[in-house]
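Everything below belongs to coords-v3.cif, which stores mmCIF, C-alpha atoms.
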data_protein
#
loop_
_atom_site.group_PDB
_atom_site.id
_atom_site.type_symbol
_atom_site.label_atom_id
_atom_site.label_comp_id
_atom_site.auth_asym_id
_atom_site.auth_seq_id
_atom_site.Cartn_x
_atom_site.Cartn_y
_atom_site.Cartn_z
ATOM 1 C CA MET A 189 0.000 0.000 0.000
ATOM 2 C CA SER A 190 1.479 3.392 -0.985
ATOM 3 C CA ALA A 191 1.673 6.283 1.445
ATOM 4 C CA ASP A 192 -0.339 8.797 -0.615
ATOM 5 C CA THR A 193 -3.599 6.850 -0.201
ATOM 6 C CA THR A 194 -3.712 8.061 3.396
ATOM 7 C CA SER A 195 -4.168 11.687 2.349
ATOM 8 C CA THR A 196 -7.879 11.116 1.681
ATOM 9 C CA ALA A 197 -9.651 9.042 4.302
ATOM 10 C CA ILE A 198 -11.950 7.243 1.855
ATOM 11 C CA GLY A 199 -11.123 7.113 -1.832
ATOM 12 C CA PRO A 200 -13.716 6.571 -4.548
ATOM 13 C CA VAL A 201 -14.858 2.966 -4.751
ATOM 14 C CA GLU A 202 -13.241 1.265 -7.706
ATOM 15 C CA GLY A 203 -15.686 1.340 -10.594
ATOM 16 C CA GLY A 204 -18.358 2.545 -8.163
ATOM 17 C CA ALA A 205 -21.375 4.433 -9.441
ATOM 18 C CA HIS A 206 -22.275 7.872 -8.152
ATOM 19 C CA TYR A 207 -25.912 7.796 -7.182
ATOM 20 C CA ASP A 208 -28.152 10.816 -7.533
ATOM 21 C CA VAL A 209 -31.793 11.605 -8.269
ATOM 22 C CA ASP A 210 -31.576 10.313 -11.825
ATOM 23 C CA ASN A 211 -29.478 7.299 -10.866
ATOM 24 C CA PRO A 212 -30.811 6.085 -7.482
ATOM 25 C CA ALA A 213 -29.060 3.416 -5.397
ATOM 26 C CA PRO A 214 -30.747 -0.008 -5.482
ATOM 27 C CA TYR A 215 -33.214 -0.642 -2.665
ATOM 28 C CA ILE A 216 -31.856 -3.107 -0.115
ATOM 29 C CA GLU A 217 -34.460 -4.928 1.945
ATOM 30 C CA ALA A 218 -33.997 -4.937 5.724
ATOM 31 C CA PRO A 219 -32.490 -8.228 6.961
ATOM 32 C CA ARG A 220 -34.900 -10.856 8.339
ATOM 33 C CA LYS A 221 -37.920 -8.790 7.324
ATOM 34 C CA ARG A 222 -41.131 -10.861 7.108
ATOM 35 C CA THR A 223 -42.345 -10.817 3.516
ATOM 36 C CA GLY A 224 -44.735 -12.799 1.363
ATOM 37 C CA LYS A 225 -41.799 -15.008 0.368
ATOM 38 C CA THR A 226 -40.870 -15.913 3.960
ATOM 39 C CA PRO A 227 -41.578 -19.629 4.592
ATOM 40 C CA ARG A 228 -44.636 -20.271 6.763
ATOM 41 C CA ALA A 229 -42.565 -22.070 9.362
ATOM 42 C CA THR A 230 -40.671 -18.934 10.373
ATOM 43 C CA ARG A 231 -43.745 -16.745 10.723
ATOM 44 C CA GLY A 232 -45.353 -18.392 13.749
ATOM 45 C CA ASN A 233 -44.608 -17.919 17.427
ATOM 46 C CA PHE A 234 -43.588 -21.507 18.193
ATOM 47 C CA GLU A 235 -40.029 -20.705 19.286
ATOM 48 C CA MET A 236 -41.270 -17.969 21.609
ATOM 49 C CA ALA A 237 -43.891 -20.309 23.075
ATOM 50 C CA ALA A 238 -41.188 -22.970 23.569
ATOM 51 C CA TRP A 239 -38.900 -20.429 25.254
ATOM 52 C CA LEU A 240 -41.703 -19.387 27.627
ATOM 53 C CA PHE A 241 -42.680 -23.016 28.301
ATOM 54 C CA MET A 242 -39.101 -23.817 29.405
ATOM 55 C CA ARG A 243 -39.265 -21.095 32.054
ATOM 56 C CA LEU A 244 -42.804 -21.794 33.292
ATOM 57 C CA SER A 245 -42.376 -25.593 33.403
ATOM 58 C CA GLY A 246 -38.920 -25.092 34.939
ATOM 59 C CA VAL A 247 -40.321 -23.252 37.963
ATOM 60 C CA VAL A 248 -42.992 -25.927 38.518
ATOM 61 C CA LEU A 249 -40.446 -28.733 38.029
ATOM 62 C CA VAL A 250 -38.124 -27.264 40.678
ATOM 63 C CA VAL A 251 -40.896 -27.882 43.230
ATOM 64 C CA LEU A 252 -42.112 -31.233 41.809
ATOM 65 C CA VAL A 253 -38.672 -32.817 41.228
ATOM 66 C CA LEU A 254 -36.965 -31.587 44.416
ATOM 67 C CA GLY A 255 -40.002 -32.794 46.413
ATOM 68 C CA HIS A 256 -39.803 -36.149 44.624
ATOM 69 C CA LEU A 257 -36.057 -36.447 45.362
ATOM 70 C CA LEU A 258 -36.589 -35.532 49.017
ATOM 71 C CA ILE A 259 -39.179 -38.293 49.470
ATOM 72 C CA GLN A 260 -37.413 -40.985 47.412
ATOM 73 C CA LEU A 261 -33.735 -40.446 48.273
ATOM 74 C CA PHE A 262 -33.563 -38.509 51.564
ATOM 75 C CA LEU A 263 -36.429 -39.212 53.994
ATOM 76 C CA ASP A 264 -37.207 -42.484 55.834
ATOM 77 C CA GLY A 265 -34.009 -44.357 54.985
ATOM 78 C CA GLY A 266 -33.621 -42.943 51.481
ATOM 79 C CA VAL A 267 -33.558 -45.374 48.577
ATOM 80 C CA SER A 268 -33.528 -48.418 50.929
ATOM 81 C CA LYS A 269 -37.298 -48.217 51.599
ATOM 82 C CA ILE A 270 -38.390 -48.151 47.940
ATOM 83 C CA GLY A 271 -40.221 -51.212 46.684
ATOM 84 C CA PHE A 272 -43.556 -52.260 45.186
ATOM 85 C CA ALA A 273 -45.308 -51.788 48.564
ATOM 86 C CA PHE A 274 -43.945 -48.230 48.876
ATOM 87 C CA VAL A 275 -45.151 -47.321 45.358
ATOM 88 C CA ALA A 276 -48.568 -48.866 46.082
ATOM 89 C CA GLY A 277 -48.838 -46.831 49.296
ATOM 90 C CA ARG A 278 -48.079 -43.561 47.543
ATOM 91 C CA TRP A 279 -50.276 -44.112 44.457
ATOM 92 C CA ALA A 280 -53.219 -44.946 46.741
ATOM 93 C CA SER A 281 -53.505 -41.156 47.067
ATOM 94 C CA PRO A 282 -54.810 -39.107 44.101
ATOM 95 C CA PHE A 283 -52.557 -36.267 45.264
ATOM 96 C CA TRP A 284 -49.368 -38.221 44.516
ATOM 97 C CA GLN A 285 -50.874 -39.635 41.296
ATOM 98 C CA VAL A 286 -51.480 -36.098 40.019
ATOM 99 C CA TRP A 287 -48.025 -35.032 41.300
ATOM 100 C CA ASP A 288 -46.287 -37.832 39.392
ATOM 101 C CA LEU A 289 -48.426 -37.411 36.260
ATOM 102 C CA LEU A 290 -47.721 -33.661 36.097
ATOM 103 C CA MET A 291 -44.021 -34.281 36.771
ATOM 104 C CA LEU A 292 -43.868 -36.915 33.999
ATOM 105 C CA TRP A 293 -45.477 -34.690 31.372
ATOM 106 C CA LEU A 294 -43.640 -31.482 32.253
ATOM 107 C CA ALA A 295 -40.221 -33.153 32.657
ATOM 108 C CA MET A 296 -40.536 -35.111 29.398
ATOM 109 C CA LEU A 297 -41.663 -32.062 27.388
ATOM 110 C CA HIS A 298 -39.058 -29.813 29.069
ATOM 111 C CA GLY A 299 -36.306 -32.349 28.362
ATOM 112 C CA ALA A 300 -37.487 -33.048 24.801
ATOM 113 C CA ASN A 301 -37.500 -29.348 23.950
ATOM 114 C CA GLY A 302 -34.042 -28.993 25.509
ATOM 115 C CA LEU A 303 -32.674 -31.853 23.408
ATOM 116 C CA ARG A 304 -34.412 -30.429 20.305
ATOM 117 C CA THR A 305 -32.385 -27.243 20.859
ATOM 118 C CA VAL A 306 -29.181 -29.238 21.324
ATOM 119 C CA ILE A 307 -29.818 -31.184 18.074
ATOM 120 C CA ASN A 308 -30.523 -27.940 16.176
ATOM 121 C CA ASP A 309 -27.254 -26.496 17.509
ATOM 122 C CA TYR A 310 -24.865 -29.361 16.783
ATOM 123 C CA ALA A 311 -26.299 -31.497 13.952
ATOM 124 C CA GLU A 312 -25.178 -29.553 10.881
ATOM 125 C CA ARG A 313 -26.742 -31.652 8.112
ATOM 126 C CA ALA A 314 -30.487 -31.283 7.569
ATOM 127 C CA ASN A 315 -30.892 -35.046 7.189
ATOM 128 C CA THR A 316 -29.093 -35.731 10.485
ATOM 129 C CA ARG A 317 -31.341 -33.232 12.257
ATOM 130 C CA LEU A 318 -34.429 -34.843 10.725
ATOM 131 C CA TRP A 319 -33.492 -38.338 11.899
ATOM 132 C CA LEU A 320 -32.310 -37.328 15.368
ATOM 133 C CA LYS A 321 -35.471 -35.303 15.982
ATOM 134 C CA GLY A 322 -37.619 -38.129 14.615
ATOM 135 C CA LEU A 323 -35.975 -40.491 17.095
ATOM 136 C CA LEU A 324 -36.355 -37.938 19.896
ATOM 137 C CA TYR A 325 -40.076 -37.331 19.260
ATOM 138 C CA THR A 326 -40.796 -41.058 18.939
ATOM 139 C CA ALA A 327 -39.024 -41.867 22.218
ATOM 140 C CA THR A 328 -40.716 -38.908 23.942
ATOM 141 C CA VAL A 329 -44.257 -39.825 22.856
ATOM 142 C CA PHE A 330 -43.657 -43.491 23.758
ATOM 143 C CA THR A 331 -42.303 -42.664 27.228
ATOM 144 C CA ILE A 332 -45.059 -40.151 28.055
ATOM 145 C CA LEU A 333 -47.786 -42.591 26.982
ATOM 146 C CA LEU A 334 -46.190 -45.516 28.823
ATOM 147 C CA GLY A 335 -45.774 -43.535 32.048
ATOM 148 C CA THR A 336 -49.322 -42.160 31.854
ATOM 149 C CA LEU A 337 -50.727 -45.638 31.257
ATOM 150 C CA VAL A 338 -48.777 -47.021 34.253
ATOM 151 C CA ILE A 339 -50.055 -44.312 36.606
ATOM 152 C CA PHE A 340 -53.700 -44.686 35.486
ATOM 153 C CA THR A 341 -53.802 -48.494 35.383
ATOM 154 C CA PHE A 342 -51.693 -49.217 38.486
ATOM 155 C CA ASP A 343 -53.084 -52.221 40.381
ATOM 156 C CA PRO A 344 -51.841 -52.751 43.961
ATOM 157 C CA ASN A 345 -53.345 -56.269 43.948
ATOM 158 C CA ILE A 346 -51.640 -57.374 40.740
ATOM 159 C CA ARG A 347 -50.401 -60.491 42.556
ATOM 160 C CA MET B 163 -8.663 -23.358 14.420
ATOM 161 C CA PRO B 164 -6.544 -20.159 14.383
ATOM 162 C CA ALA B 165 -4.717 -19.443 17.618
ATOM 163 C CA GLY B 166 -6.276 -16.979 20.030
ATOM 164 C CA THR B 167 -9.801 -17.105 18.629
ATOM 165 C CA LEU B 168 -11.294 -19.734 20.949
ATOM 166 C CA TYR B 169 -14.192 -18.053 22.731
ATOM 167 C CA ARG B 170 -13.984 -18.343 26.487
ATOM 168 C CA GLY B 171 -16.982 -16.515 27.863
ATOM 169 C CA ARG B 172 -16.135 -16.942 31.546
ATOM 170 C CA GLU B 173 -19.018 -17.468 34.019
ATOM 171 C CA GLY B 174 -21.797 -16.863 31.491
ATOM 172 C CA MET B 175 -20.525 -19.408 28.977
ATOM 173 C CA TRP B 176 -19.442 -22.085 31.424
ATOM 174 C CA SER B 177 -22.755 -21.986 33.316
ATOM 175 C CA TRP B 178 -24.476 -22.394 29.914
ATOM 176 C CA VAL B 179 -22.272 -25.418 29.137
ATOM 177 C CA ALA B 180 -22.949 -26.967 32.565
ATOM 178 C CA HIS B 181 -26.693 -26.333 32.147
ATOM 179 C CA ARG B 182 -26.689 -28.214 28.806
ATOM 180 C CA VAL B 183 -24.595 -31.136 30.039
ATOM 181 C CA THR B 184 -26.660 -31.620 33.227
ATOM 182 C CA GLY B 185 -29.908 -31.224 31.257
ATOM 183 C CA VAL B 186 -29.007 -33.930 28.733
ATOM 184 C CA LEU B 187 -27.839 -36.307 31.507
ATOM 185 C CA ILE B 188 -31.049 -35.815 33.515
ATOM 186 C CA PHE B 189 -33.201 -36.366 30.389
ATOM 187 C CA PHE B 190 -31.475 -39.681 29.596
ATOM 188 C CA PHE B 191 -31.947 -40.826 33.197
ATOM 189 C CA LEU B 192 -35.634 -39.871 32.944
ATOM 190 C CA PHE B 193 -36.159 -42.357 30.065
ATOM 191 C CA VAL B 194 -34.587 -45.171 32.102
ATOM 192 C CA HIS B 195 -36.521 -44.151 35.216
ATOM 193 C CA VAL B 196 -39.949 -44.236 33.499
ATOM 194 C CA LEU B 197 -39.088 -47.652 32.048
ATOM 195 C CA ASP B 198 -38.006 -49.133 35.399
ATOM 196 C CA THR B 199 -41.095 -47.716 37.119
ATOM 197 C CA ALA B 200 -43.281 -49.269 34.387
ATOM 198 C CA LEU B 201 -42.271 -52.676 35.804
ATOM 199 C CA VAL B 202 -44.878 -52.175 38.573
ATOM 200 C CA ARG B 203 -47.373 -53.168 35.840
ATOM 201 C CA VAL B 204 -45.455 -56.428 35.233
ATOM 202 C CA SER B 205 -45.124 -57.842 38.755
ATOM 203 C CA PRO B 206 -44.022 -56.751 42.246
ATOM 204 C CA GLU B 207 -41.037 -59.133 41.943
ATOM 205 C CA ALA B 208 -39.823 -57.647 38.661
ATOM 206 C CA TYR B 209 -40.035 -54.134 40.096
ATOM 207 C CA ASP B 210 -38.320 -54.994 43.391
ATOM 208 C CA GLU B 211 -35.552 -56.796 41.521
ATOM 209 C CA VAL B 212 -34.702 -53.731 39.419
ATOM 210 C CA VAL B 213 -35.014 -51.365 42.381
ATOM 211 C CA ALA B 214 -32.513 -53.588 44.216
ATOM 212 C CA THR B 215 -29.826 -52.415 41.771
ATOM 213 C CA TYR B 216 -30.629 -48.809 42.768
ATOM 214 C CA LYS B 217 -29.652 -49.761 46.340
ATOM 215 C CA THR B 218 -26.129 -51.013 45.529
ATOM 216 C CA PRO B 219 -23.161 -48.790 46.568
ATOM 217 C CA ILE B 220 -22.034 -48.060 42.991
ATOM 218 C CA VAL B 221 -25.501 -46.948 41.868
ATOM 219 C CA ALA B 222 -25.799 -44.946 45.108
ATOM 220 C CA LEU B 223 -22.795 -42.956 43.896
ATOM 221 C CA LEU B 224 -24.580 -42.419 40.559
ATOM 222 C CA GLU B 225 -27.640 -41.227 42.528
ATOM 223 C CA TYR B 226 -25.428 -38.696 44.313
ATOM 224 C CA GLY B 227 -24.304 -37.542 40.846
ATOM 225 C CA LEU B 228 -27.953 -37.334 39.747
ATOM 226 C CA VAL B 229 -28.746 -35.160 42.780
ATOM 227 C CA ALA B 230 -25.736 -32.985 41.875
ATOM 228 C CA ALA B 231 -26.922 -32.559 38.267
ATOM 229 C CA ILE B 232 -30.553 -31.861 39.228
ATOM 230 C CA LEU B 233 -29.635 -29.364 41.979
ATOM 231 C CA PHE B 234 -27.333 -27.413 39.643
ATOM 232 C CA HIS B 235 -29.852 -27.454 36.772
ATOM 233 C CA ALA B 236 -32.664 -26.330 39.117
ATOM 234 C CA LEU B 237 -30.700 -23.528 40.811
ATOM 235 C CA ASN B 238 -29.089 -22.281 37.583
ATOM 236 C CA GLY B 239 -32.479 -22.508 35.838
ATOM 237 C CA LEU B 240 -33.901 -20.101 38.428
ATOM 238 C CA ARG B 241 -30.888 -17.850 37.705
ATOM 239 C CA VAL B 242 -31.640 -17.959 33.957
ATOM 240 C CA ILE B 243 -35.253 -16.943 34.702
ATOM 241 C CA ALA B 244 -33.964 -14.069 36.856
ATOM 242 C CA VAL B 245 -31.614 -12.946 34.051
ATOM 243 C CA ASP B 246 -34.518 -13.005 31.561
ATOM 244 C CA PHE B 247 -37.306 -11.466 33.622
ATOM 245 C CA TRP B 248 -35.656 -9.342 36.361
ATOM 246 C CA SER B 249 -34.606 -5.924 35.054
ATOM 247 C CA LYS B 250 -31.325 -6.052 36.988
ATOM 248 C CA GLY B 251 -30.784 -9.762 36.227
ATOM 249 C CA PRO B 252 -28.175 -9.392 33.448
ATOM 250 C CA ARG B 253 -26.130 -6.984 35.611
ATOM 251 C CA TYR B 254 -25.973 -9.444 38.524
ATOM 252 C CA GLN B 255 -25.645 -12.678 36.502
ATOM 253 C CA LYS B 256 -22.107 -13.383 37.817
ATOM 254 C CA GLN B 257 -23.034 -12.757 41.448
ATOM 255 C CA MET B 258 -26.106 -14.973 40.974
ATOM 256 C CA LEU B 259 -23.973 -17.766 39.501
ATOM 257 C CA TRP B 260 -21.633 -17.742 42.496
ATOM 258 C CA THR B 261 -24.694 -17.708 44.790
ATOM 259 C CA VAL B 262 -25.959 -20.779 42.886
ATOM 260 C CA VAL B 263 -22.567 -22.499 43.280
ATOM 261 C CA GLY B 264 -22.505 -21.639 47.002
ATOM 262 C CA ILE B 265 -26.003 -23.011 47.678
ATOM 263 C CA TRP B 266 -25.157 -26.068 45.559
ATOM 264 C CA VAL B 267 -22.007 -26.842 47.591
ATOM 265 C CA VAL B 268 -23.933 -26.538 50.883
ATOM 266 C CA LEU B 269 -26.796 -28.770 49.643
ATOM 267 C CA MET B 270 -24.356 -31.357 48.219
ATOM 268 C CA ALA B 271 -22.526 -31.519 51.557
ATOM 269 C CA GLY B 272 -25.879 -31.948 53.319
ATOM 270 C CA SER B 273 -26.863 -34.725 50.870
ATOM 271 C CA LEU B 274 -23.762 -36.828 51.558
ATOM 272 C CA TYR B 275 -25.152 -38.726 54.532
ATOM 273 C CA PRO B 276 -28.830 -39.103 53.463
ATOM 274 C CA VAL B 277 -27.982 -40.332 49.947
ATOM 275 C CA LEU B 278 -24.762 -42.273 50.580
ATOM 276 C CA GLY B 279 -25.232 -43.343 54.236
ATOM 277 C CA HIS B 280 -26.757 -46.733 53.397
ATOM 278 C CA ALA B 281 -23.952 -47.481 50.908
ATOM 279 C CA ALA B 282 -21.299 -46.566 53.490
ATOM 280 C CA ARG B 283 -22.928 -48.862 56.084
ATOM 281 C CA GLU B 284 -22.984 -51.686 53.549
ATOM 282 C CA LEU B 285 -19.347 -51.190 52.542
ATOM 283 C CA PHE B 286 -17.800 -50.503 55.954
ATOM 284 C CA GLY B 287 -20.110 -52.479 58.221
ATOM 285 C CA SER B 288 -22.294 -51.521 61.249
#
Would you give me this structure, written as structure tokens?
Amino acid sequence: MSADTTSTAIGPVEGGAHYDVDNPAPYIEAPRKRTGKTPRATRGNFEMAAWLFMRLSGVVLVVLVLGHLLIQLFLDGGVSKIGFAFVAGRWASPFWQVWDLLMLWLAMLHGANGLRTVINDYAERANTRLWLKGLLYTATVFTILLGTLVIFTFDPNIR
Amino acid sequence: MPAGTLYRGREGMWSWVAHRVTGVLIFFFLFVHVLDTALVRVSPEAYDEVVATYKTPIVALLEYGLVAAILFHALNGLRVIAVDFWSKGPRYQKQMLWTVVGIWVVLMAGSLYPVLGHAARELFGS
């Protein structure tokens, strides 16, 4: 670079046009502006709803999960007391059935949405994302349905 | 990767990393946990047999790790909510992280005996 280019702060752009009233600069659309050509998928509020759900379910899960841990792992001998009879005793009460059902649904959806974000962040190929999320949603639906079925059909006199 | 360009975001970034790692670990445990609980629909014996593995000393150590992951994720999650919704949250995010770490250390120390006591009695007698 020669020294005399520093005399003017900004030189004329090489081959650049000089715009004026008769020769206006091309209109540049604002980035990320919603237009008629924007795909449907990016126009909804799903990501905002998911973001809000993580915070709302998170607060509820702090209470549900820490309460669950306290009962299962800390009080009355911790994990040593757990067995079929202990589960039967707790699910005899609708209160603990609702507690566990709510915890199952919120924790599974909270975790599934978290893993969806992780997949979107790290899986770079569209096909990889598709398959990983397909696996995630299948496992999530299966686990939620199985857990719900177990809570609703639990039979203390199964034997 | 060119030298000197690796982003190290200090407390903000590392708490984000820890939140992800603990979240994924907890989610994978949740799958296993729903499946083992589903055995109550098979037979009391099948359920008690699987729960017996949860009472072994090695799995007790894993349970202590699960408590560690859940406590951090819960406390840091409340911090994230404070950063997002409290007007002064972003300004105090570092102080809140060290508060989270402090509470976590105290709770983990308090969990030692309740969670690992039975394993210690099994390993060392009495």
Given a cut-off of 9 Å, which residues of chain B touch chain A, counting all atoms listed in the file, written out as number ranges by chain? B: 182, 185-186, 188-190, 192-193, 196-197, 199-207, 209-211, 213-214, 216-217, 222, 225, 229, 232-233, 236-237, 239-240, 242-243, 273, 275-280
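Here atom CA of B:Ala271 stands at a distance of 12.4 Å from atom CA of B:Gly227.
One finds atom CA of A:Asn301 at 17.1 Å from atom CA of A:Thr316.
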